[in-house]
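Structure record follows, encoded as structure tokens.
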Amino acid sequence: MRQTALTPLDRRILELDTIAAVLPLERRDELAELLTDQDVATLRHLVNEGMGENTLRALTSDLAYLQAWSLAATGKSLPWPAPEALLLKFVAHHLWDPQKRQEDPLHGMPHEVAENLRHQGFLKSTGPHAPDTVRRRLATWSTLTKWRGLSDGFTSPALKSAIRLAVRATPRPRKRKSAKAVTGDVLAKMLATCASSSLRDLRDRAILMVAFASGGRRRSEIAGLRKEQLTVQPPIAVEDSPPLPSLSLHLGRTKTSGSDHDEVVYLTGRPVEALNAWIAAARIETGSVFRKVDRWGNVSKRTLDPKSVNDIVKQRAAMAGLDPQEFSAHGLRSGYLTEAANRGIPLPEAMEQSRHSSVQQASSYYNSATRRSGRVARLL
């Protein structure tokens, strides 16, 4: 019996499946319909080249959005290279003035385009996009154009001017990824909600403590942590106290590390105990460390989604009587550096654990803590 030939759609689905282990794709069927053969080939090439998972995930998300927008706005697939007029149309559709929109319904993204994207799940907000999001998607578009060996118009004066004028016309305050940092006192309140011996409490306690104590790890790094990345280290001797357990976390390539650099951070004391308690209770021997726990207390074989880490932070904040809207998983990262500053730990020492590559970015948390409690704020 002759085997039926695969359709182009089926072939793209299979190709996306082969890179799913490196690049989690929850919407593979939708992406297979949306992306072209060349798009999928580009993603496969980048996976083979060892590009970081976070970068690949962002590129895939941006590419899918751009392709969906192009189909909705022009009725055609994303062109390579893109004409300058299409780039300007993208800016006009995403950076617009809400007040002008009230006077002119045709201002900004057309209603039918917005509804098309919203129906597909690509558009959630009703207002203009954040300028940083627009710049990032244009940068992705430019990068993918260059990878195809084509020249682009992303550096044209007209495009730069359009973005600058659009941002100036719709000013918006820059917001942190987490409105408030999860400092030591806040973390203690969250941990107090994980006091029982249930699997969910043991897991959430370990997540909060490991994410914070390991330098404020990103939620993707916590969700993707595997047992094979943990190495038991010799206990740390402490005067007049029992030795403290120690672990090293081999992060591999991270968002900010080099391609061949293996990032390593260390855990000591209570976070190690919390992590060991969860691993023992959940009977995790290999694979993903942090996994889903269903309503009946069963531990899934599937790893947590990075979004679930964010949900856990918000849920524990609410249970602690805090406003969940003010905290997110990134608050653990900013909270680690803020707490280090409050305790007088030198910035270079804290950066060794947080693995920030930018002194300017890391020092912003130090500067805020120092200015608030230091002499400069108490001149009177």
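Order determines the names: the first chain of the structure tokens is A, the second B, and so forth; residues in each chain are numbered 1 upward, and ligands are numbered 1 upward as they are shown.
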Report as a PDB file with C-alpha atoms, in the first residue's frame: the residues of stretch 4-236 of chain A with a DSSP assignment of strand (DSSP E), based on the backbone of this structure.
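Contents of the output file result_4.pdb:
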ATOM      1  CA  LEU A 230      21.823  20.145  40.462  1.00  0.00           C
ATOM      2  CA  THR A 231      25.141  19.122  41.997  1.00  0.00           C
ATOM      3  CA  VAL A 232      25.587  18.459  45.707  1.00  0.00           C
ATOM      4  CA  GLN A 233      28.476  20.477  47.149  1.00  0.00           C
ATOM      5  CA  PRO A 234      30.383  19.957  50.423  1.00  0.00           C
ATOM      6  CA  PRO A 235      28.501  21.432  53.410  1.00  0.00           C
ATOM      7  CA  ILE A 236      29.394  24.945  54.495  1.00  0.00           C
TER       8      ILE A 236
END
For this session: Tell me, as an MDAnalysis selection string, which residues lie within 12 Å of stretch 110-122 of chain A, counting only C-alpha atoms; anything in the same chain fewer than 5 positions away does not count.
Result: chainID A and resid 27 30:31 34 61:75 89:90 92:94 96 101 104:105 127:129
Exercise. Nearest to A:Val289 among A:Gln325, A:Gln229, A:Thr60, A:Ser156, with distances taken over only C-alpha atoms: which residue is it?
Worked result: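 Smallest separation from A:Val289 among the options: A:Gln229.
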For this session: Show which residues sit within 12 Å of stretch 238-248 of chain A, as an NGL selection string. Count only C-alpha atoms, and ignore same-chain residues fewer than 3 positions away.
Result: :A and (210 or 213-214 or 227-235 or 251-252 or 262-276 or 353)
Keeping N, CA, C and O atoms for every residue in the selection just given, could you write it to a file as a compact mmCIF listing (two decimals), in the first residue's frame?
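Just written: result-v8.txt:
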# COMPACT_ATOMS: atom_id res chain seq x y z
N VAL A 210 14.20 29.05 46.08
CA VAL A 210 15.26 28.81 45.10
C VAL A 210 15.38 29.98 44.13
O VAL A 210 16.48 30.45 43.82
N ALA A 213 16.95 32.98 46.28
CA ALA A 213 18.29 32.78 46.82
C ALA A 213 19.34 32.51 45.74
O ALA A 213 20.53 32.75 45.96
N SER A 214 18.92 32.04 44.58
CA SER A 214 19.88 31.78 43.51
C SER A 214 20.19 33.03 42.70
O SER A 214 20.74 32.94 41.60
N LYS A 227 16.69 18.09 37.21
CA LYS A 227 17.44 17.44 38.28
C LYS A 227 18.92 17.32 37.93
O LYS A 227 19.80 17.42 38.79
N GLU A 228 19.17 17.14 36.64
CA GLU A 228 20.55 16.95 36.18
C GLU A 228 21.39 18.22 36.31
O GLU A 228 22.61 18.17 36.20
N GLN A 229 20.74 19.35 36.54
CA GLN A 229 21.46 20.62 36.70
C GLN A 229 21.92 20.84 38.14
O GLN A 229 22.64 21.80 38.41
N LEU A 230 21.50 19.98 39.05
CA LEU A 230 21.82 20.15 40.46
C LEU A 230 23.01 19.27 40.84
O LEU A 230 23.05 18.08 40.51
N THR A 231 23.97 19.87 41.53
CA THR A 231 25.14 19.12 42.00
C THR A 231 25.33 19.39 43.48
O THR A 231 25.41 20.55 43.90
N VAL A 232 25.38 18.32 44.27
CA VAL A 232 25.59 18.46 45.71
C VAL A 232 27.01 18.91 45.98
O VAL A 232 27.97 18.34 45.44
N GLN A 233 27.17 19.94 46.78
CA GLN A 233 28.48 20.48 47.15
C GLN A 233 28.78 20.14 48.61
O GLN A 233 27.86 19.85 49.39
N PRO A 234 30.05 20.19 49.01
CA PRO A 234 30.38 19.96 50.42
C PRO A 234 29.66 20.95 51.32
O PRO A 234 29.50 22.12 50.96
N PRO A 235 29.21 20.53 52.49
CA PRO A 235 28.50 21.43 53.41
C PRO A 235 29.38 22.62 53.79
O PRO A 235 30.61 22.53 53.82
N LEU A 251 23.25 26.48 35.18
CA LEU A 251 22.20 27.09 34.36
C LEU A 251 22.44 26.92 32.87
O LEU A 251 21.54 27.17 32.07
N GLY A 252 23.67 26.53 32.50
CA GLY A 252 23.98 26.43 31.07
C GLY A 252 24.00 27.80 30.45
O GLY A 252 24.38 28.79 31.06
N ASP A 262 28.97 28.28 30.66
CA ASP A 262 28.08 27.56 31.56
C ASP A 262 27.94 28.36 32.85
O ASP A 262 28.86 28.42 33.65
N GLU A 263 26.78 28.98 33.03
CA GLU A 263 26.54 29.78 34.22
C GLU A 263 26.26 28.87 35.41
O GLU A 263 25.48 27.92 35.31
N VAL A 264 26.89 29.16 36.55
CA VAL A 264 26.70 28.38 37.76
C VAL A 264 26.41 29.33 38.92
O VAL A 264 27.10 30.33 39.09
N VAL A 265 25.38 29.01 39.71
CA VAL A 265 25.08 29.75 40.92
C VAL A 265 24.95 28.73 42.05
O VAL A 265 24.84 27.53 41.82
N TYR A 266 24.94 29.23 43.30
CA TYR A 266 24.97 28.33 44.45
C TYR A 266 23.82 28.61 45.41
O TYR A 266 23.37 29.75 45.56
N LEU A 267 23.37 27.54 46.05
CA LEU A 267 22.36 27.63 47.10
C LEU A 267 22.94 27.08 48.38
O LEU A 267 23.68 26.08 48.36
N THR A 268 22.61 27.72 49.49
CA THR A 268 23.13 27.28 50.79
C THR A 268 22.04 27.36 51.85
O THR A 268 21.27 28.33 51.88
N GLY A 269 21.95 26.35 52.69
CA GLY A 269 21.06 26.40 53.85
C GLY A 269 19.61 26.15 53.55
O GLY A 269 19.24 25.17 52.87
N ARG A 270 18.73 27.02 54.00
CA ARG A 270 17.28 26.81 53.94
C ARG A 270 16.75 26.55 52.53
O ARG A 270 15.88 25.68 52.36
N PRO A 271 17.20 27.28 51.50
CA PRO A 271 16.70 26.97 50.15
C PRO A 271 17.01 25.54 49.72
O PRO A 271 16.20 24.91 49.05
N VAL A 272 18.19 25.04 50.10
CA VAL A 272 18.55 23.67 49.76
C VAL A 272 17.62 22.70 50.48
O VAL A 272 17.14 21.71 49.89
N GLU A 273 17.35 22.97 51.74
CA GLU A 273 16.45 22.11 52.50
C GLU A 273 15.04 22.11 51.91
O GLU A 273 14.39 21.06 51.82
N ALA A 274 14.57 23.27 51.50
CA ALA A 274 13.24 23.36 50.89
C ALA A 274 13.19 22.60 49.57
O ALA A 274 12.21 21.90 49.27
N LEU A 275 14.24 22.74 48.76
CA LEU A 275 14.29 22.05 47.47
C LEU A 275 14.35 20.54 47.66
O LEU A 275 13.64 19.78 46.99
N ASN A 276 15.18 20.09 48.60
CA ASN A 276 15.30 18.65 48.87
C ASN A 276 13.98 18.07 49.39
O ASN A 276 13.62 16.94 49.06
N GLN A 353 25.98 36.30 41.79
CA GLN A 353 24.88 35.36 42.00
C GLN A 353 23.72 35.64 41.06
O GLN A 353 23.11 34.72 40.53
Exercise. Could you pull the residues within 10 Å of A:Trp141, counting only C-alpha atoms, minus those fewer than 6 positions along the same chain, as a list in words?
Worked result: Leu59, Asp62, Leu63, Leu66, Leu78, Trp80, Pro81, Ala82, Leu87, Arg135, Asp152 and Phe154 of chain A
Exercise. Counting only C-alpha atoms, what is within 12 Å of A:Asp97, bar same-chain residues fewer than 5 positions away, as an MDAnalysis selection string?
Worked result: chainID A and resid 91:92 102:109 127:129 165:172
Problem set entry | Among the residues A:Cys194, A:Ala329, A:Ile345, A:Ala281, the one that comes closest to A:Glu221 [using only C-alpha atoms] |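 The closest residue to A:Glu221 is A:Ala329.
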Seminar exercise, completed: The distance between atom CA of A:Val182 and atom CA of A:Arg200 is 20.4 Å
Exercise. Quick one: distance from atom CA of A:Thr55 to atom CA of A:Ser354 in Å, one decimal?
Worked result: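 Atom-to-atom, atom CA of A:Thr55 to atom CA of A:Ser354, that is 18.9 Å.
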Exercise. Do you have the atom CA of A:Ala158-atom CA of A:Thr133 distance handy?
Worked result: 19.2 Å
Exercise. Hey, what does DSSP flag as alpha helix (DSSP H) within stretch 99-194 of chain A? Can you give it to me as a PyMOL selection string?
Worked result: chain A and resi 99-103+111-119+131-147+157-169+184-191
For this session: Between A:Leu191, A:Ala85, A:Leu138, A:Leu9, single out the one closest to A:Ala318, counting only C-alpha atoms.
Result: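 The closest residue to A:Ala318 is A:Leu191.
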For this session: Using only C-alpha atoms, determine which residues lie at most 12 Å from stretch 301-310 of chain A, disregarding the query and same-chain residues fewer than 3 positions distant; provide the list as a ChimeraX atom specification.
Result: /A:21,24-26,54,57,177-178,203-208,210-211,217-227,282-294,298,313-317,324-332
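Of the residues listed (A:Met319, A:Glu84, A:Gly184, A:His250), A:Gly184 shows the shortest atom-to-atom separation from A:Ala340; distances use only C-alpha atoms.
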Problem set entry | Who sits within 9 Å of A:Trp147, only C-alpha atoms, same chain under 4 positions skipped, as a PyMOL selection string | chain A and resi 42+142-143
With N, CA and C atoms retained, write the just-selected residues as a PDB file, in the first residue's frame.
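Saved file part-v8.pdb follows:
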ATOM      1  N   THR A  42      14.154  28.464   9.134  1.00  0.00           N
ATOM      2  CA  THR A  42      14.985  29.411   9.884  1.00  0.00           C
ATOM      3  C   THR A  42      15.029  29.037  11.355  1.00  0.00           C
ATOM      4  N   SER A 142      13.814  42.922  11.311  1.00  0.00           N
ATOM      5  CA  SER A 142      15.087  43.279  10.692  1.00  0.00           C
ATOM      6  C   SER A 142      16.090  42.136  10.764  1.00  0.00           C
ATOM      7  N   THR A 143      16.179  41.503  11.933  1.00  0.00           N
ATOM      8  CA  THR A 143      17.130  40.406  12.117  1.00  0.00           C
ATOM      9  C   THR A 143      16.824  39.245  11.186  1.00  0.00           C
TER      10      THR A 143
END
